[in-house]
Structure formats: C-alpha cells, structure tokens
$ cat model17.csv   # CSV, C-alpha atoms
chain,number,residue,atom,x,y,z
P,1,MET,CA,0.0,0.0,0.0
P,2,PHE,CA,2.8,2.4,1.0
P,3,LEU,CA,4.6,1.7,-2.3
P,4,ALA,CA,1.5,2.6,-4.3
P,5,PHE,CA,1.2,5.9,-2.4
P,6,LEU,CA,4.9,6.8,-2.8
P,7,LEU,CA,4.9,6.1,-6.5
P,8,MET,CA,1.6,7.9,-7.3
P,9,TYR,CA,1.8,10.9,-4.9
P,10,PRO,CA,3.9,13.0,-7.3
P,11,LEU,CA,1.4,12.4,-10.1
P,12,PHE,CA,-1.4,13.5,-7.7
P,13,LYS,CA,0.5,16.7,-6.7
P,14,ILE,CA,0.8,17.9,-10.3
P,15,GLY,CA,-2.8,17.1,-11.0
P,16,THR,CA,-2.4,14.2,-13.4
P,17,LEU,CA,-4.1,11.7,-11.1
P,18,GLY,CA,-7.1,12.2,-8.8
P,19,ALA,CA,-7.4,11.2,-5.2
P,20,GLY,CA,-9.9,8.5,-6.1
P,21,ASP,CA,-7.3,7.0,-8.6
P,22,ILE,CA,-4.7,6.9,-5.8
P,23,LYS,CA,-7.1,5.2,-3.4
P,24,VAL,CA,-8.0,2.5,-6.0
P,25,LEU,CA,-4.2,1.9,-6.6
P,26,ILE,CA,-3.5,1.7,-2.9
P,27,MET,CA,-6.3,-0.8,-2.5
P,28,THR,CA,-5.0,-2.8,-5.4
P,29,GLY,CA,-1.5,-2.7,-4.0
P,30,SER,CA,-2.8,-3.9,-0.6
P,31,PHE,CA,-3.7,-7.3,-2.1
P,32,LEU,CA,-0.6,-7.9,-4.1
P,33,ALA,CA,3.1,-8.6,-3.4
P,34,VAL,CA,5.5,-5.8,-4.4
P,35,LYS,CA,6.8,-7.5,-7.5
P,36,GLU,CA,3.3,-8.3,-8.8
P,37,PHE,CA,2.1,-4.8,-8.0
P,38,ILE,CA,4.8,-3.3,-10.1
P,39,ALA,CA,3.8,-5.6,-13.0
P,40,VAL,CA,0.2,-4.6,-12.5
P,41,LEU,CA,1.1,-1.0,-12.4
P,42,LEU,CA,3.1,-1.2,-15.6
P,43,THR,CA,0.1,-2.9,-17.3
P,44,ILE,CA,-2.2,-0.2,-16.0
P,45,PHE,CA,-0.1,2.5,-17.5
P,46,VAL,CA,0.1,0.7,-20.8
P,47,VAL,CA,-3.7,0.4,-20.8
P,48,ALA,CA,-4.1,4.1,-19.9
P,49,ALA,CA,-1.7,5.0,-22.8
P,50,ALA,CA,-3.8,2.9,-25.2
P,51,MET,CA,-6.9,4.7,-24.0
P,52,SER,CA,-5.3,8.0,-24.4
P,53,VAL,CA,-4.2,7.2,-28.0
P,54,VAL,CA,-7.7,6.1,-28.9
P,55,LYS,CA,-9.1,9.3,-27.4
P,56,LEU,CA,-6.6,11.4,-29.3
P,57,LEU,CA,-7.5,9.6,-32.6
P,58,VAL,CA,-11.2,9.9,-32.0
P,59,GLU,CA,-11.1,13.6,-31.1
P,60,ARG,CA,-8.4,14.4,-33.6
P,61,ASN,CA,-6.6,16.8,-31.2
P,62,GLY,CA,-3.2,15.2,-30.9
P,63,ARG,CA,-1.4,18.3,-32.2
P,64,GLU,CA,-3.2,20.5,-29.8
P,65,ARG,CA,-2.5,18.2,-26.8
P,66,LEU,CA,1.2,17.9,-27.8
P,67,ILE,CA,1.5,21.7,-27.9
P,68,CYS,CA,-0.2,21.9,-24.5
P,69,LEU,CA,2.2,19.3,-23.0
P,70,LEU,CA,5.3,21.0,-24.5
P,71,SER,CA,4.0,24.4,-23.1
P,72,TYR,CA,3.6,22.8,-19.7
P,73,ALA,CA,7.0,21.3,-19.7
P,74,SER,CA,8.6,24.6,-20.8
P,75,ALA,CA,6.8,26.5,-18.0
P,76,VAL,CA,8.0,23.9,-15.4
P,77,ALA,CA,11.5,24.1,-16.8
P,78,LYS,CA,11.6,27.9,-16.7
P,79,SER,CA,10.1,28.2,-13.2
P,80,ARG,CA,12.0,25.2,-11.9
P,81,ARG,CA,9.0,24.2,-9.8
P,82,TRP,CA,6.1,21.8,-10.5
P,83,GLU,CA,2.7,23.3,-11.4
P,84,LEU,CA,-0.7,21.8,-11.8
P,85,TYR,CA,-1.1,20.4,-15.3
P,86,GLY,CA,-4.0,21.9,-17.2
P,87,GLU,CA,-4.6,24.6,-14.7
P,88,ASP,CA,-5.0,27.2,-17.5
P,89,LEU,CA,-8.1,25.3,-18.7
P,90,ARG,CA,-9.9,25.4,-15.3
P,91,GLN,CA,-12.1,28.4,-16.4
P,92,ASP,CA,-13.4,26.4,-19.4
P,93,ASN,CA,-14.9,23.4,-17.6
P,94,GLU,CA,-15.8,21.5,-20.7
P,95,ALA,CA,-12.3,21.8,-22.2
P,96,TYR,CA,-10.7,20.9,-18.8
P,97,HIS,CA,-12.7,17.6,-18.5
P,98,SER,CA,-12.5,16.7,-22.2
P,99,ASN,CA,-8.7,16.4,-21.9
P,100,LYS,CA,-8.9,13.6,-19.3
P,101,ILE,CA,-9.4,9.9,-19.4
P,102,HIS,CA,-11.0,7.9,-16.6
P,103,PHE,CA,-7.9,6.3,-15.1
P,104,THR,CA,-9.9,4.1,-12.8
P,105,ILE,CA,-11.1,2.2,-15.9
P,106,ALA,CA,-7.4,1.7,-16.8
P,107,VAL,CA,-6.8,0.4,-13.3
P,108,LEU,CA,-9.7,-2.1,-13.6
P,109,LEU,CA,-8.7,-3.3,-17.1
P,110,GLY,CA,-5.0,-3.5,-16.4
P,111,THR,CA,-5.4,-5.3,-13.1
P,112,ALA,CA,-7.9,-7.8,-14.6
P,113,LEU,CA,-5.6,-8.4,-17.6
P,114,ARG,CA,-2.5,-8.9,-15.5
P,115,ILE,CA,-4.1,-11.0,-12.7
P,116,GLY,CA,-6.2,-12.9,-15.2
P,117,GLY,CA,-3.0,-14.0,-17.0
P,118,LEU,CA,-3.8,-12.4,-20.4
P,119,ILE,CA,-0.8,-10.1,-20.2

$ encode --input "model17.csv" --output "structure tokens"
Amino acid sequence: MFLAFLLMYPLFKIGTLGAGDIKVLIMTGSFLAVKEFIAVLLTIFVVAAAMSVVKLLVERNGRERLICLLSYASAVAKSRRWELYGEDLRQDNEAYHSNKIHFTIAVLLGTALRIGGLI
C-alpha cells in the first residue's frame, strides 16, 4: 500500500491523477506482493496509454494536446517548480474535462488483464 502511495503521490501533486485513482491503486497494492504490484502498475499505465491514444485519434486533437504538453514542460523548466497540469483550462470546464481519461477504468482493465493472466 505504501509503495503505491509513494509512486503515485507525485502524479497527484501535479494534478495528473485524482485522489480516487490513488485510493484505488492503494487498495490494489494492498492485495498484491510488491513484484506483482509493479507488474500490474506497468500494465495499468500501458492500458491508460492505449486509452489516451484512442481518445486522441477519435477527437483528432493530438497536435493541440502535444502543444499543451510542451508548453507545460517549458513552463515547469523555466520556473523550476512543479505546477498543476491543465490549470490554465480550469475556467473552461468542458475543455478541462475533455482532456482527461478515466484512469480508474485503466486500473480495472490493467489489473484484470494482469491477474487474469492475459498479459
């Protein structure tokens, strides 16, 4: 459980994962040995990446999202401190939420695929 918290807390601090996602990962980690949890975690991130690619293809906004990511990385590098990712979109609620995937779905699918022996 503690490993899940330590690994995911930095992602929570910059706003890329929500508190619910962290809680689900902590609970997942509480039922697994460390080695198996790391394997499940890698599978979860591969599933989340696949979900993100599908979303980018469906919404056809890959270039826009890449520019946003590079802008964020540049701002962090210039200020030399972490900032909340996507904070500039907070005023536009629809745009803010349209740029996110439901990571808990990736946790469910990744865990089921790994524990089920399919990956």

$ residues_near_point --input "model17.csv" --point "(-6.2, -4.0, -16.6)" --cutoff "10 Å" --atoms "all atoms listed in the file" --output "list in words"
Val40, Leu41, Leu42, Thr43, Ile44, Phe45, Val46, Val47, Ala48, Thr104, Ile105, Ala106, Val107, Leu108, Leu109, Gly110, Thr111, Ala112, Leu113, Arg114, Ile115, Gly116, Leu118 and Ile119 of chain P

$ write_last_selection --input "model17.csv" --atoms "C-alpha atoms" --output "PDB file, in the frame of the given file"
ATOM      1  CA  VAL P  40       0.200  -4.600 -12.500  1.00  0.00           C
ATOM      2  CA  LEU P  41       1.100  -1.000 -12.400  1.00  0.00           C
ATOM      3  CA  LEU P  42       3.100  -1.200 -15.600  1.00  0.00           C
ATOM      4  CA  THR P  43       0.100  -2.900 -17.300  1.00  0.00           C
ATOM      5  CA  ILE P  44      -2.200  -0.200 -16.000  1.00  0.00           C
ATOM      6  CA  PHE P  45      -0.100   2.500 -17.500  1.00  0.00           C
ATOM      7  CA  VAL P  46       0.100   0.700 -20.800  1.00  0.00           C
ATOM      8  CA  VAL P  47      -3.700   0.400 -20.800  1.00  0.00           C
ATOM      9  CA  ALA P  48      -4.100   4.100 -19.900  1.00  0.00           C
ATOM     10  CA  THR P 104      -9.900   4.100 -12.800  1.00  0.00           C
ATOM     11  CA  ILE P 105     -11.100   2.200 -15.900  1.00  0.00           C
ATOM     12  CA  ALA P 106      -7.400   1.700 -16.800  1.00  0.00           C
ATOM     13  CA  VAL P 107      -6.800   0.400 -13.300  1.00  0.00           C
ATOM     14  CA  LEU P 108      -9.700  -2.100 -13.600  1.00  0.00           C
ATOM     15  CA  LEU P 109      -8.700  -3.300 -17.100  1.00  0.00           C
ATOM     16  CA  GLY P 110      -5.000  -3.500 -16.400  1.00  0.00           C
ATOM     17  CA  THR P 111      -5.400  -5.300 -13.100  1.00  0.00           C
ATOM     18  CA  ALA P 112      -7.900  -7.800 -14.600  1.00  0.00           C
ATOM     19  CA  LEU P 113      -5.600  -8.400 -17.600  1.00  0.00           C
ATOM     20  CA  ARG P 114      -2.500  -8.900 -15.500  1.00  0.00           C
ATOM     21  CA  ILE P 115      -4.100 -11.000 -12.700  1.00  0.00           C
ATOM     22  CA  GLY P 116      -6.200 -12.900 -15.200  1.00  0.00           C
ATOM     23  CA  LEU P 118      -3.800 -12.400 -20.400  1.00  0.00           C
ATOM     24  CA  ILE P 119      -0.800 -10.100 -20.200  1.00  0.00           C
TER      25      ILE P 119
END

$ closest_atom_pairs --input "model17.csv" --of "stretch 9-40 of chain P" --to "stretch 75-85 of chain P" --cutoff "9 Å" --atoms "only C-alpha atoms" --output "JSON lines"
{"residue": "P:Lys13", "atom": "CA", "partner": "P:Leu84", "partner_atom": "CA", "distance": 7.3}
{"residue": "P:Ile14", "atom": "CA", "partner": "P:Leu84", "partner_atom": "CA", "distance": 4.4}
{"residue": "P:Gly15", "atom": "CA", "partner": "P:Leu84", "partner_atom": "CA", "distance": 5.2}
{"residue": "P:Thr16", "atom": "CA", "partner": "P:Tyr85", "partner_atom": "CA", "distance": 6.6}

$ atom_distance --input "model17.csv" --atom1 "atom CA of P:Leu25" --atom2 "atom CA of P:Met8"
8.4 Å

$ atom_distance --input "model17.csv" --atom1 "atom CA of P:Ile38" --atom2 "atom CA of P:Leu3"
9.3 Å

$ residues_around --input "model17.csv" --residues "P:Phe37" --least-positions-apart "5" --cutoff "8 Å" --atoms "only C-alpha atoms" --output "list in words"
Thr28, Gly29 and Leu32 of chain P

$ closest_residue --input "model17.csv" --among "P:Ile22, P:Gly117, P:Glu36, P:Met51" --to "P:Leu6" --atoms "all atoms listed in the file"
P:Ile22

$ build_atoms --input "model17.csv" --residues "stretch 60-84 of chain P" --atoms "N, CA and C atoms" --output "PDB file, keeping the file's coordinate frame"
ATOM      1  N   ARG P  60      -9.266  13.769 -32.634  1.00  0.00           N
ATOM      2  CA  ARG P  60      -8.400  14.400 -33.600  1.00  0.00           C
ATOM      3  C   ARG P  60      -7.762  15.708 -33.060  1.00  0.00           C
ATOM      4  N   ASN P  61      -7.262  15.628 -31.830  1.00  0.00           N
ATOM      5  CA  ASN P  61      -6.600  16.800 -31.200  1.00  0.00           C
ATOM      6  C   ASN P  61      -5.238  16.510 -30.711  1.00  0.00           C
ATOM      7  N   GLY P  62      -4.557  15.582 -31.350  1.00  0.00           N
ATOM      8  CA  GLY P  62      -3.200  15.200 -30.900  1.00  0.00           C
ATOM      9  C   GLY P  62      -2.227  16.349 -30.984  1.00  0.00           C
ATOM     10  N   ARG P  63      -2.287  17.138 -32.042  1.00  0.00           N
ATOM     11  CA  ARG P  63      -1.400  18.300 -32.200  1.00  0.00           C
ATOM     12  C   ARG P  63      -1.609  19.293 -31.069  1.00  0.00           C
ATOM     13  N   GLU P  64      -2.861  19.593 -30.818  1.00  0.00           N
ATOM     14  CA  GLU P  64      -3.200  20.500 -29.800  1.00  0.00           C
ATOM     15  C   GLU P  64      -2.731  20.065 -28.394  1.00  0.00           C
ATOM     16  N   ARG P  65      -2.913  18.776 -28.121  1.00  0.00           N
ATOM     17  CA  ARG P  65      -2.500  18.200 -26.800  1.00  0.00           C
ATOM     18  C   ARG P  65      -0.979  18.197 -26.697  1.00  0.00           C
ATOM     19  N   LEU P  66      -0.275  17.920 -27.796  1.00  0.00           N
ATOM     20  CA  LEU P  66       1.200  17.900 -27.800  1.00  0.00           C
ATOM     21  C   LEU P  66       1.706  19.338 -27.499  1.00  0.00           C
ATOM     22  N   ILE P  67       1.100  20.335 -28.117  1.00  0.00           N
ATOM     23  CA  ILE P  67       1.500  21.700 -27.900  1.00  0.00           C
ATOM     24  C   ILE P  67       1.246  22.085 -26.410  1.00  0.00           C
ATOM     25  N   CYS P  68       0.123  21.650 -25.864  1.00  0.00           N
ATOM     26  CA  CYS P  68      -0.200  21.900 -24.500  1.00  0.00           C
ATOM     27  C   CYS P  68       0.847  21.255 -23.542  1.00  0.00           C
ATOM     28  N   LEU P  69       1.213  20.006 -23.841  1.00  0.00           N
ATOM     29  CA  LEU P  69       2.200  19.300 -23.000  1.00  0.00           C
ATOM     30  C   LEU P  69       3.569  19.985 -23.102  1.00  0.00           C
ATOM     31  N   LEU P  70       3.987  20.370 -24.305  1.00  0.00           N
ATOM     32  CA  LEU P  70       5.300  21.000 -24.500  1.00  0.00           C
ATOM     33  C   LEU P  70       5.280  22.407 -23.764  1.00  0.00           C
ATOM     34  N   SER P  71       4.164  23.099 -23.815  1.00  0.00           N
ATOM     35  CA  SER P  71       4.000  24.400 -23.100  1.00  0.00           C
ATOM     36  C   SER P  71       4.151  24.194 -21.622  1.00  0.00           C
ATOM     37  N   TYR P  72       3.505  23.155 -21.115  1.00  0.00           N
ATOM     38  CA  TYR P  72       3.600  22.800 -19.700  1.00  0.00           C
ATOM     39  C   TYR P  72       5.011  22.501 -19.283  1.00  0.00           C
ATOM     40  N   ALA P  73       5.650  21.651 -20.058  1.00  0.00           N
ATOM     41  CA  ALA P  73       7.000  21.300 -19.700  1.00  0.00           C
ATOM     42  C   ALA P  73       7.959  22.459 -19.790  1.00  0.00           C
ATOM     43  N   SER P  74       7.756  23.350 -20.735  1.00  0.00           N
ATOM     44  CA  SER P  74       8.600  24.600 -20.800  1.00  0.00           C
ATOM     45  C   SER P  74       8.354  25.463 -19.617  1.00  0.00           C
ATOM     46  N   ALA P  75       7.117  25.637 -19.195  1.00  0.00           N
ATOM     47  CA  ALA P  75       6.800  26.500 -18.000  1.00  0.00           C
ATOM     48  C   ALA P  75       7.432  25.899 -16.759  1.00  0.00           C
ATOM     49  N   VAL P  76       7.369  24.584 -16.616  1.00  0.00           N
ATOM     50  CA  VAL P  76       8.000  23.900 -15.400  1.00  0.00           C
ATOM     51  C   VAL P  76       9.491  24.097 -15.475  1.00  0.00           C
ATOM     52  N   ALA P  77      10.081  23.937 -16.640  1.00  0.00           N
ATOM     53  CA  ALA P  77      11.500  24.100 -16.800  1.00  0.00           C
ATOM     54  C   ALA P  77      11.982  25.510 -16.460  1.00  0.00           C
ATOM     55  N   LYS P  78      11.213  26.487 -16.934  1.00  0.00           N
ATOM     56  CA  LYS P  78      11.600  27.900 -16.700  1.00  0.00           C
ATOM     57  C   LYS P  78      11.417  28.280 -15.237  1.00  0.00           C
ATOM     58  N   SER P  79      10.330  27.844 -14.613  1.00  0.00           N
ATOM     59  CA  SER P  79      10.100  28.200 -13.200  1.00  0.00           C
ATOM     60  C   SER P  79      10.830  27.357 -12.222  1.00  0.00           C
ATOM     61  N   ARG P  80      11.291  26.212 -12.712  1.00  0.00           N
ATOM     62  CA  ARG P  80      12.000  25.200 -11.900  1.00  0.00           C
ATOM     63  C   ARG P  80      11.171  24.787 -10.670  1.00  0.00           C
ATOM     64  N   ARG P  81       9.858  24.731 -10.863  1.00  0.00           N
ATOM     65  CA  ARG P  81       9.000  24.200  -9.800  1.00  0.00           C
ATOM     66  C   ARG P  81       7.758  23.571 -10.543  1.00  0.00           C
ATOM     67  N   TRP P  82       7.220  22.524  -9.923  1.00  0.00           N
ATOM     68  CA  TRP P  82       6.100  21.800 -10.500  1.00  0.00           C
ATOM     69  C   TRP P  82       4.838  22.716 -10.405  1.00  0.00           C
ATOM     70  N   GLU P  83       4.009  22.630 -11.416  1.00  0.00           N
ATOM     71  CA  GLU P  83       2.700  23.300 -11.400  1.00  0.00           C
ATOM     72  C   GLU P  83       1.641  22.314 -11.738  1.00  0.00           C
ATOM     73  N   LEU P  84       0.394  22.695 -11.480  1.00  0.00           N
ATOM     74  CA  LEU P  84      -0.700  21.800 -11.800  1.00  0.00           C
ATOM     75  C   LEU P  84      -0.881  21.757 -13.327  1.00  0.00           C
TER      76      LEU P  84
END
